[in-house]
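Pasting coords00.cif here (mmCIF, C-alpha atoms):
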```cif
data_run
#
loop_
_atom_site.label_atom_id
_atom_site.label_comp_id
_atom_site.auth_asym_id
_atom_site.auth_seq_id
_atom_site.Cartn_x
_atom_site.Cartn_y
_atom_site.Cartn_z
CA MET A 1 90.48 104.52 107.83
CA LYS A 2 94.03 103.70 106.79
CA PRO A 3 95.82 106.55 104.96
CA VAL A 4 96.49 104.35 101.90
CA CYS A 5 93.44 102.67 100.40
CA ARG A 6 92.09 101.29 97.14
CA LEU A 7 89.35 103.23 95.40
CA ARG A 8 87.28 101.35 92.85
CA ILE A 9 86.78 103.05 89.47
CA ALA A 10 85.24 101.73 86.28
CA GLU A 11 88.39 100.08 84.88
CA GLY A 12 89.90 98.68 88.06
CA ALA A 13 91.17 100.11 91.31
CA THR A 14 93.45 103.00 92.07
CA VAL A 15 95.53 103.21 95.23
CA VAL A 16 94.99 106.53 96.98
CA LYS A 17 96.82 108.14 99.88
CA VAL A 18 94.52 110.40 101.93
CA THR A 19 96.14 112.87 104.33
CA GLY A 20 94.77 115.50 106.71
CA SER A 21 91.36 117.11 107.08
CA GLY A 22 89.60 120.09 105.58
CA PRO A 23 88.70 121.07 101.99
CA ALA A 24 89.60 118.54 99.31
CA VAL A 25 92.79 118.88 97.26
CA LEU A 26 93.33 116.22 94.59
CA CYS A 27 96.96 115.85 93.43
CA LEU A 28 97.75 114.14 90.12
CA HIS A 29 101.32 112.98 89.44
CA GLY A 30 103.30 112.96 86.20
CA ILE A 31 103.22 110.41 83.42
CA SER A 32 105.69 107.85 84.84
CA ALA A 33 105.61 108.89 88.52
CA ASN A 34 103.40 107.78 91.41
CA ARG A 35 101.62 109.10 94.49
CA THR A 36 104.88 109.61 96.41
CA THR A 37 105.40 112.77 94.31
CA TRP A 38 103.05 114.43 96.80
CA ASP A 39 104.39 113.10 100.12
CA ALA A 40 106.04 116.38 101.10
CA ILE A 41 102.96 118.34 100.00
CA GLY A 42 100.60 116.10 101.99
CA ARG A 43 102.64 116.48 105.16
CA ARG A 44 102.66 120.26 104.87
CA LEU A 45 98.95 120.60 104.06
CA ALA A 46 97.62 117.99 106.51
CA ILE A 47 96.43 120.74 108.86
CA GLY A 48 93.86 122.56 106.80
CA PHE A 49 93.21 120.29 103.81
CA THR A 50 92.25 116.73 102.89
CA VAL A 51 94.90 115.77 100.34
CA PHE A 52 94.12 112.94 97.91
CA ALA A 53 97.19 111.53 96.13
CA PRO A 54 96.30 108.60 93.83
CA ASP A 55 98.49 106.30 91.83
CA LEU A 56 97.03 106.77 88.36
CA LEU A 57 95.93 103.58 86.63
CA GLY A 58 98.90 101.47 85.50
CA ARG A 59 101.32 103.25 87.84
CA GLY A 60 102.50 102.79 91.41
CA ASP A 61 100.34 100.17 93.14
CA SER A 62 97.18 100.72 91.10
CA ASP A 63 95.71 98.11 88.77
CA ARG A 64 97.19 97.74 85.28
CA PRO A 65 94.45 96.33 83.02
CA ALA A 66 96.00 94.49 80.07
CA MET A 67 93.88 96.22 77.43
CA ALA A 68 93.88 99.72 78.93
CA THR A 69 94.71 102.72 76.76
CA TYR A 70 96.17 105.99 78.01
CA ARG A 71 95.28 108.78 75.61
CA LEU A 72 94.42 112.02 77.37
CA GLU A 73 90.70 111.27 76.99
CA ASP A 74 91.21 107.99 78.89
CA GLU A 75 93.27 109.59 81.66
CA VAL A 76 90.79 112.44 82.12
CA GLY A 77 87.84 110.04 82.23
CA ARG A 78 89.46 107.97 84.97
CA ALA A 79 90.40 110.99 87.08
CA ALA A 80 86.88 112.38 86.74
CA ASP A 81 85.50 108.98 87.76
CA LEU A 82 87.75 109.06 90.83
CA VAL A 83 86.42 112.50 91.82
CA ARG A 84 82.83 111.33 91.52
CA ARG A 85 83.34 108.04 93.37
CA ALA A 86 85.22 109.80 96.16
CA GLY A 87 82.21 112.06 96.64
CA ILE A 88 84.28 115.21 96.15
CA GLU A 89 81.77 118.03 95.69
CA ARG A 90 84.21 120.96 95.45
CA ALA A 91 88.00 120.75 95.23
CA VAL A 92 91.22 122.28 94.03
CA LEU A 93 93.03 120.06 91.53
CA VAL A 94 96.82 120.08 91.52
CA GLY A 95 98.69 118.47 88.65
CA HIS A 96 102.38 117.95 87.98
CA SER A 97 103.60 117.67 84.38
CA HIS A 98 101.19 115.29 82.56
CA GLY A 99 99.03 115.34 85.68
CA ALA A 100 98.44 119.05 84.99
CA ALA A 101 97.04 118.19 81.56
CA ILE A 102 94.72 115.65 83.18
CA ALA A 103 93.63 118.23 85.77
CA LEU A 104 92.73 120.68 82.99
CA GLY A 105 90.63 118.02 81.27
CA VAL A 106 88.80 117.16 84.50
CA ALA A 107 88.09 120.87 85.05
CA ARG A 108 86.48 120.94 81.61
CA GLN A 109 84.25 117.99 82.53
CA LEU A 110 83.32 118.58 86.17
CA PRO A 111 81.88 121.69 87.84
CA SER A 112 83.24 120.33 91.14
CA VAL A 113 86.69 121.67 90.19
CA ALA A 114 86.85 125.07 91.90
CA GLY A 115 90.50 125.91 91.21
CA LEU A 116 93.68 124.62 89.59
CA VAL A 117 97.37 124.61 90.43
CA LEU A 118 99.43 123.47 87.44
CA VAL A 119 103.03 122.56 88.33
CA ASN A 120 105.62 122.23 85.52
CA PRO A 121 102.64 121.59 83.22
CA VAL A 122 102.70 119.73 79.95
CA THR A 123 101.39 122.10 77.29
CA PRO A 124 99.85 121.54 73.86
CA TRP A 125 103.22 122.62 72.42
CA SER A 126 105.38 120.24 74.45
CA ARG A 127 107.72 118.12 72.36
CA ARG A 128 106.96 114.42 71.99
CA PRO A 129 110.21 112.40 71.79
CA PRO A 130 110.50 110.69 68.36
CA ILE A 131 111.47 107.39 70.04
CA LEU A 132 107.87 107.05 71.24
CA SER A 133 106.76 106.56 67.63
CA LEU A 134 108.97 103.51 67.02
CA PRO A 135 106.88 100.66 65.55
CA GLY A 136 106.14 97.93 68.07
CA LEU A 137 107.48 99.82 71.09
CA ARG A 138 104.13 99.83 72.88
CA ARG A 139 104.01 96.03 73.21
CA SER A 140 107.72 95.19 73.11
CA ARG A 141 108.55 92.53 75.71
CA LEU A 142 112.26 93.07 75.11
CA ALA A 143 111.98 96.80 75.79
CA ALA A 144 109.90 96.13 78.92
CA ALA A 145 112.42 93.60 80.23
CA ALA A 146 115.31 96.03 79.64
CA LEU A 147 113.41 98.89 81.25
CA SER A 148 112.69 96.78 84.31
CA ARG A 149 116.23 95.44 84.62
CA PHE A 150 117.91 98.84 84.20
CA ARG A 151 115.22 100.89 85.93
CA LYS A 152 117.59 102.46 88.49
CA PRO A 153 120.28 103.74 86.11
CA VAL A 154 117.60 104.89 83.66
CA THR A 155 115.74 106.73 86.43
CA ARG A 156 118.98 108.25 87.72
CA TYR A 157 119.91 109.48 84.24
CA ILE A 158 116.48 111.03 83.63
CA LEU A 159 116.40 112.73 87.02
CA GLU A 160 119.93 114.11 86.66
CA ARG A 161 119.79 115.15 83.02
CA ARG A 162 116.15 116.00 82.39
CA VAL A 163 114.30 116.64 85.63
CA LEU A 164 116.12 118.18 88.59
CA GLY A 165 117.29 121.77 88.68
CA PRO A 166 120.61 123.01 90.09
CA ALA A 167 119.31 123.57 93.64
CA VAL A 168 118.79 119.86 94.44
CA GLU A 169 121.27 117.00 94.65
CA LEU A 170 120.05 113.60 93.54
CA ASP A 171 119.94 110.97 96.29
CA ALA A 172 119.33 107.22 96.34
CA ASP A 173 115.93 107.59 98.03
CA LEU A 174 114.57 109.67 95.15
CA VAL A 175 115.85 107.17 92.57
CA GLU A 176 114.29 104.31 94.52
CA ARG A 177 110.98 106.10 94.94
CA TYR A 178 110.50 106.60 91.21
CA SER A 179 112.07 103.37 89.96
CA ALA A 180 110.72 100.82 92.47
CA PRO A 181 107.32 100.20 90.78
CA TYR A 182 109.08 99.14 87.58
CA ALA A 183 110.85 96.20 89.20
CA SER A 184 107.89 94.30 87.74
CA GLU A 185 108.05 93.68 83.98
CA ASP A 186 104.26 93.96 83.90
CA ARG A 187 104.59 97.48 85.29
CA ALA A 188 107.30 98.27 82.74
CA ARG A 189 105.03 97.04 79.93
CA ALA A 190 102.25 99.26 81.23
CA LEU A 191 104.65 102.23 81.24
CA LEU A 192 105.51 101.64 77.59
CA ALA A 193 101.80 101.73 76.76
CA ILE A 194 101.36 104.89 78.83
CA VAL A 195 104.19 106.87 77.23
CA THR A 196 103.52 105.75 73.66
CA ASP A 197 99.86 106.79 74.03
CA TRP A 198 101.00 110.27 75.16
CA HIS A 199 100.22 113.03 72.64
CA PRO A 200 100.52 116.46 74.28
CA ASP A 201 98.83 118.27 71.39
CA GLU A 202 95.56 116.59 72.45
CA LEU A 203 95.42 119.06 75.35
CA LEU A 204 94.13 121.83 73.08
CA SER A 205 90.80 120.00 72.93
CA TRP A 206 90.62 119.59 76.72
CA LEU A 207 91.14 123.11 78.04
CA PRO A 208 88.36 124.31 80.39
CA VAL A 209 85.57 126.25 78.72
CA GLU A 210 84.95 128.47 81.75
CA ARG A 211 87.77 130.34 83.45
CA ILE A 212 88.40 129.27 87.02
CA PRO A 213 91.08 130.44 89.48
CA THR A 214 94.33 128.97 88.20
CA LEU A 215 97.99 129.33 89.11
CA VAL A 216 100.80 127.98 86.92
CA LEU A 217 104.21 127.19 88.44
CA ALA A 218 107.25 126.72 86.22
CA GLY A 219 110.94 126.08 86.81
CA ALA A 220 113.50 128.46 85.34
CA HIS A 221 115.74 125.45 84.60
CA ASP A 222 113.02 123.07 83.40
CA ARG A 223 114.58 121.11 80.53
CA ARG A 224 111.34 119.31 79.67
CA MET A 225 108.73 122.09 79.52
CA ARG A 226 109.93 125.36 78.02
CA THR A 227 109.02 128.46 80.03
CA ALA A 228 107.86 130.14 76.82
CA ASP A 229 105.26 127.37 76.45
CA THR A 230 104.15 127.36 80.09
CA ALA A 231 103.81 131.17 79.98
CA ARG A 232 101.73 130.83 76.80
CA LEU A 233 99.48 128.27 78.53
CA ALA A 234 99.05 130.54 81.56
CA ASP A 235 98.08 133.43 79.29
CA LEU A 236 95.58 131.25 77.42
CA LEU A 237 93.98 130.24 80.74
CA GLY A 238 94.05 133.74 82.25
CA ALA A 239 96.14 132.23 85.05
CA SER A 240 98.66 133.66 87.47
CA TYR A 241 102.18 132.61 86.50
CA VAL A 242 105.21 132.09 88.72
CA VAL A 243 108.69 131.00 87.61
CA ALA A 244 110.85 129.49 90.37
CA ALA A 245 114.55 130.36 90.15
CA ARG A 246 117.04 127.48 90.26
CA ALA A 247 114.18 125.00 89.84
CA GLY A 248 113.80 122.27 87.25
CA HIS A 249 110.92 119.96 86.32
CA ALA A 250 110.33 118.52 89.80
CA LEU A 251 108.90 121.38 91.86
CA PRO A 252 106.99 119.08 94.28
CA ASP A 253 110.36 117.55 95.25
CA GLU A 254 112.55 120.61 94.73
CA TRP A 255 110.42 123.38 96.26
CA PRO A 256 107.46 121.81 98.15
CA ASP A 257 106.92 124.95 100.25
CA LEU A 258 106.38 126.97 97.07
CA VAL A 259 103.85 124.42 95.77
CA CYS A 260 101.98 124.49 99.10
CA GLU A 261 101.94 128.29 99.06
CA ALA A 262 100.41 128.19 95.57
CA ILE A 263 97.73 125.71 96.66
CA ARG A 264 96.78 127.88 99.62
CA GLU A 265 96.73 130.99 97.45
CA VAL A 266 94.21 129.38 95.10
CA ALA A 267 92.16 127.44 97.67
CA GLU A 268 91.72 129.78 100.63
CA PRO A 269 89.70 132.56 98.89
CA LEU A 270 87.26 129.94 97.52
CA GLY A 271 85.73 129.09 100.91
CA LEU A 272 85.52 125.39 100.05
CA PRO A 273 83.58 123.07 102.38
CA SER A 274 85.46 120.60 104.51
CA TYR A 275 85.57 117.16 102.93
CA ASP A 276 83.75 114.42 104.84
CA LEU A 277 85.65 111.12 104.65
CA ARG A 278 82.35 109.26 105.00
CA ASN A 279 81.66 110.31 101.38
CA VAL A 280 84.27 107.87 100.15
CA ALA A 281 84.04 105.07 102.73
CA SER A 282 81.72 102.87 100.65
CA SER A 283 84.14 102.92 97.69
CA LEU A 284 87.34 102.32 99.64
CA THR A 285 88.99 99.11 100.76
CA LYS A 286 92.04 99.04 103.00
CA GLU A 287 95.40 98.57 101.32
CA GLY A 288 97.91 96.29 102.96
#
```
Final structure tokens representation of the file:
Amino acid sequence: MKPVCRLRIAEGATVVKVTGSGPAVLCLHGISANRTTWDAIGRRLAIGFTVFAPDLLGRGDSDRPAMATYRLEDEVGRAADLVRRAGIERAVLVGHSHGAAIALGVARQLPSVAGLVLVNPVTPWSRRPPILSLPGLRRSRLAAAALSRFRKPVTRYILERRVLGPAVELDADLVERYSAPYASEDRARALLAIVTDWHPDELLSWLPVERIPTLVLAGAHDRRMRTADTARLADLLGASYVVAARAGHALPDEWPDLVCEAIREVAEPLGLPSYDLRNVASSLTKEG
């Protein structure tokens, strides 16, 4: 099986990168990111774990249905559908930023989630930028065209000013990795729908009912998610909480070894079964 494949779900197809062998670890990227968020993690965990890194619907190379909506309920439902169709019986879910909120919702829905690693998580108290409430923004062709045309400088600005901590220097490869999917205006239109449908306060209704082993990682210099809020979330979940010095909002890129250590810390005591790739073969088609 090729490492990058398409997995059919109810609303279309998601592109999934599958790396390694061993117990299943499902990694969910942030709201405007893509599966490449987890490249460094997949390489480091390939011996010991089967790492699933999907492009969430509307992002990366996954389908972008014209009428799709992206409230947390929608995102959780799709991720849970992916878990079921991949035949994942027991797994650790890892989520970055908005992906952490999705992971929490999936843990509420599915008993197959044995543990959680929440990296720079969105919290119910995260601030929603007022610009996302502008009338007509969700379907604005002009905004989508501008976003697509200026995707690289916009991405560079966000990474420099809002995402990366002081320990990492921005390079062209990182800008390209996160901006490339939005060369398409259709992708840019999908992104506008995704971010305008984002309401972090919805997470309060999606926290797991049962406590499961959970570790929360935060960045001391995270300018998007306040450490006071991530600490509050960890306390609410009864989770272990680690703050990384000199780190910002991009721990999978800034400190991948720390993220891998957290995944092992949660996963190894659980004694999870090794994932059998034959479980997913009937739902996968080769990509490229």
Give me the result of the PyMOL selection byres ((chain A and resi 86) around 12) on this file, residue by residue, as a PyMOL selection string.
-> chain A and resi 5-9+14+16+18+24-26+50+52+54+79-85+87-91+112+275-284
Any idea what's packed within 9 Å of His199 (chain A), counting only C-alpha atoms, ignoring anything in its chain fewer than 4 positions away? Could you give it as a ChimeraX atom specification?
-> /A:71-72,124,128,195,203
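Each of A:Ala101, A:Leu215, A:Leu191, A:Leu56 was checked against Val243 (chain A) using only C-alpha atoms; the smallest atom-to-atom distance is that of A:Leu215.
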Any chance you could work out the residue set of the PyMOL selection byres ((chain A and resi 227) around 12) here, as a ChimeraX atom specification?
-> /A:119-123,125-126,216-226,228-234,241-245,247-249
Same residues, C-alpha atoms, output as a PDB file, in the coordinates of the input:
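Okay, this is what ended up in selection-v9.pdb:
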```
ATOM      1  CA  VAL A 119     103.030 122.560  88.330  1.00  0.00           C
ATOM      2  CA  ASN A 120     105.620 122.230  85.520  1.00  0.00           C
ATOM      3  CA  PRO A 121     102.640 121.590  83.220  1.00  0.00           C
ATOM      4  CA  VAL A 122     102.700 119.730  79.950  1.00  0.00           C
ATOM      5  CA  THR A 123     101.390 122.100  77.290  1.00  0.00           C
ATOM      6  CA  TRP A 125     103.220 122.620  72.420  1.00  0.00           C
ATOM      7  CA  SER A 126     105.380 120.240  74.450  1.00  0.00           C
ATOM      8  CA  VAL A 216     100.800 127.980  86.920  1.00  0.00           C
ATOM      9  CA  LEU A 217     104.210 127.190  88.440  1.00  0.00           C
ATOM     10  CA  ALA A 218     107.250 126.720  86.220  1.00  0.00           C
ATOM     11  CA  GLY A 219     110.940 126.080  86.810  1.00  0.00           C
ATOM     12  CA  ALA A 220     113.500 128.460  85.340  1.00  0.00           C
ATOM     13  CA  HIS A 221     115.740 125.450  84.600  1.00  0.00           C
ATOM     14  CA  ASP A 222     113.020 123.070  83.400  1.00  0.00           C
ATOM     15  CA  ARG A 223     114.580 121.110  80.530  1.00  0.00           C
ATOM     16  CA  ARG A 224     111.340 119.310  79.670  1.00  0.00           C
ATOM     17  CA  MET A 225     108.730 122.090  79.520  1.00  0.00           C
ATOM     18  CA  ARG A 226     109.930 125.360  78.020  1.00  0.00           C
ATOM     19  CA  ALA A 228     107.860 130.140  76.820  1.00  0.00           C
ATOM     20  CA  ASP A 229     105.260 127.370  76.450  1.00  0.00           C
ATOM     21  CA  THR A 230     104.150 127.360  80.090  1.00  0.00           C
ATOM     22  CA  ALA A 231     103.810 131.170  79.980  1.00  0.00           C
ATOM     23  CA  ARG A 232     101.730 130.830  76.800  1.00  0.00           C
ATOM     24  CA  LEU A 233      99.480 128.270  78.530  1.00  0.00           C
ATOM     25  CA  ALA A 234      99.050 130.540  81.560  1.00  0.00           C
ATOM     26  CA  TYR A 241     102.180 132.610  86.500  1.00  0.00           C
ATOM     27  CA  VAL A 242     105.210 132.090  88.720  1.00  0.00           C
ATOM     28  CA  VAL A 243     108.690 131.000  87.610  1.00  0.00           C
ATOM     29  CA  ALA A 244     110.850 129.490  90.370  1.00  0.00           C
ATOM     30  CA  ALA A 245     114.550 130.360  90.150  1.00  0.00           C
ATOM     31  CA  ALA A 247     114.180 125.000  89.840  1.00  0.00           C
ATOM     32  CA  GLY A 248     113.800 122.270  87.250  1.00  0.00           C
ATOM     33  CA  HIS A 249     110.920 119.960  86.320  1.00  0.00           C
TER      34      HIS A 249
END
```
Name the residues that the PyMOL selection byres ((chain A and resi 62-65) around 10) picks from the file above, as a CSV table (one decimal) with C-alpha atoms, keeping the file's coordinate frame, using the file's chain letters and numbers.
```csv
chain,number,residue,atom,x,y,z
A,6,ARG,CA,92.1,101.3,97.1
A,7,LEU,CA,89.4,103.2,95.4
A,8,ARG,CA,87.3,101.4,92.8
A,11,GLU,CA,88.4,100.1,84.9
A,12,GLY,CA,89.9,98.7,88.1
A,13,ALA,CA,91.2,100.1,91.3
A,14,THR,CA,93.4,103.0,92.1
A,15,VAL,CA,95.5,103.2,95.2
A,16,VAL,CA,95.0,106.5,97.0
A,34,ASN,CA,103.4,107.8,91.4
A,54,PRO,CA,96.3,108.6,93.8
A,55,ASP,CA,98.5,106.3,91.8
A,56,LEU,CA,97.0,106.8,88.4
A,57,LEU,CA,95.9,103.6,86.6
A,58,GLY,CA,98.9,101.5,85.5
A,59,ARG,CA,101.3,103.2,87.8
A,60,GLY,CA,102.5,102.8,91.4
A,61,ASP,CA,100.3,100.2,93.1
A,66,ALA,CA,96.0,94.5,80.1
A,67,MET,CA,93.9,96.2,77.4
A,68,ALA,CA,93.9,99.7,78.9
A,69,THR,CA,94.7,102.7,76.8
A,186,ASP,CA,104.3,94.0,83.9
A,187,ARG,CA,104.6,97.5,85.3
A,189,ARG,CA,105.0,97.0,79.9
A,190,ALA,CA,102.2,99.3,81.2
A,191,LEU,CA,104.6,102.2,81.2
```
Within 6 Å of Arg246 (chain A), counting only C-alpha atoms, which residues qualify if same-chain residues fewer than 2 places away don't, as a ChimeraX atom specification?
-> /A:165-167
Skipping near chain neighbours, those fewer than 5 positions away, what residues fall within 12 Å of region 173-179 of chain A using only C-alpha atoms, listed as a PyMOL selection string?
-> chain A and resi 29-39+59-60+147-160+163-164+168+184+187-188+191+250+253-254
Prev. selection, C-alpha atoms, output as a PDB file, in the coordinates of the input:
```pdb
ATOM      1  CA  HIS A  29     101.320 112.980  89.440  1.00  0.00           C
ATOM      2  CA  GLY A  30     103.300 112.960  86.200  1.00  0.00           C
ATOM      3  CA  ILE A  31     103.220 110.410  83.420  1.00  0.00           C
ATOM      4  CA  SER A  32     105.690 107.850  84.840  1.00  0.00           C
ATOM      5  CA  ALA A  33     105.610 108.890  88.520  1.00  0.00           C
ATOM      6  CA  ASN A  34     103.400 107.780  91.410  1.00  0.00           C
ATOM      7  CA  ARG A  35     101.620 109.100  94.490  1.00  0.00           C
ATOM      8  CA  THR A  36     104.880 109.610  96.410  1.00  0.00           C
ATOM      9  CA  THR A  37     105.400 112.770  94.310  1.00  0.00           C
ATOM     10  CA  TRP A  38     103.050 114.430  96.800  1.00  0.00           C
ATOM     11  CA  ASP A  39     104.390 113.100 100.120  1.00  0.00           C
ATOM     12  CA  ARG A  59     101.320 103.250  87.840  1.00  0.00           C
ATOM     13  CA  GLY A  60     102.500 102.790  91.410  1.00  0.00           C
ATOM     14  CA  LEU A 147     113.410  98.890  81.250  1.00  0.00           C
ATOM     15  CA  SER A 148     112.690  96.780  84.310  1.00  0.00           C
ATOM     16  CA  ARG A 149     116.230  95.440  84.620  1.00  0.00           C
ATOM     17  CA  PHE A 150     117.910  98.840  84.200  1.00  0.00           C
ATOM     18  CA  ARG A 151     115.220 100.890  85.930  1.00  0.00           C
ATOM     19  CA  LYS A 152     117.590 102.460  88.490  1.00  0.00           C
ATOM     20  CA  PRO A 153     120.280 103.740  86.110  1.00  0.00           C
ATOM     21  CA  VAL A 154     117.600 104.890  83.660  1.00  0.00           C
ATOM     22  CA  THR A 155     115.740 106.730  86.430  1.00  0.00           C
ATOM     23  CA  ARG A 156     118.980 108.250  87.720  1.00  0.00           C
ATOM     24  CA  TYR A 157     119.910 109.480  84.240  1.00  0.00           C
ATOM     25  CA  ILE A 158     116.480 111.030  83.630  1.00  0.00           C
ATOM     26  CA  LEU A 159     116.400 112.730  87.020  1.00  0.00           C
ATOM     27  CA  GLU A 160     119.930 114.110  86.660  1.00  0.00           C
ATOM     28  CA  VAL A 163     114.300 116.640  85.630  1.00  0.00           C
ATOM     29  CA  LEU A 164     116.120 118.180  88.590  1.00  0.00           C
ATOM     30  CA  VAL A 168     118.790 119.860  94.440  1.00  0.00           C
ATOM     31  CA  SER A 184     107.890  94.300  87.740  1.00  0.00           C
ATOM     32  CA  ARG A 187     104.590  97.480  85.290  1.00  0.00           C
ATOM     33  CA  ALA A 188     107.300  98.270  82.740  1.00  0.00           C
ATOM     34  CA  LEU A 191     104.650 102.230  81.240  1.00  0.00           C
ATOM     35  CA  ALA A 250     110.330 118.520  89.800  1.00  0.00           C
ATOM     36  CA  ASP A 253     110.360 117.550  95.250  1.00  0.00           C
ATOM     37  CA  GLU A 254     112.550 120.610  94.730  1.00  0.00           C
TER      38      GLU A 254
END
```
Would you please work out which residue, of A:Ala100, A:Gly238, A:Glu261, A:Ile194, is nearest to Leu116 (chain A) when using only C-alpha atoms?
-> A:Ala100
When distances are computed from only C-alpha atoms, which of A:Glu202, A:Glu268, A:Glu185, A:Glu169 shows the smallest separation from Glu73 (chain A)?
-> A:Glu202
Proximity to Gly105 (chain A) - best of A:Ala262, A:Ile212, A:Val76, A:Leu270, all atoms listed in the file | A:Val76
Expressed in Å to a single decimal, how great is the separation between CA of Leu93 (chain A) and CA of Arg43 (chain A)?
->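 Computed distance, CA of Leu93 (chain A) to CA of Arg43 (chain A), equals 17.1 Å.
CA of Gly95 (chain A) is positioned 10.0 Å from CA of Pro252 (chain A).
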Here CA of Val209 (chain A) and CA of Asp74 (chain A) stand apart by 19.1 Å
Give the padded box for region 88-100 of chain A as AutoDock Vina command-line options: axis-aligned, covering all atoms listed in the file, 4 Å on each side, centre and edge lengths in Å to one decimal.
```
--center_x 92.7 --center_y 118.7 --center_z 89.4 --size_x 29.8 --size_y 15.1 --size_z 21.6
```
Given only C-alpha atoms as the counted atoms, nearest of A:Pro200, A:Pro3, A:Pro111, A:Gly22 to Ser274 (chain A) | A:Gly22
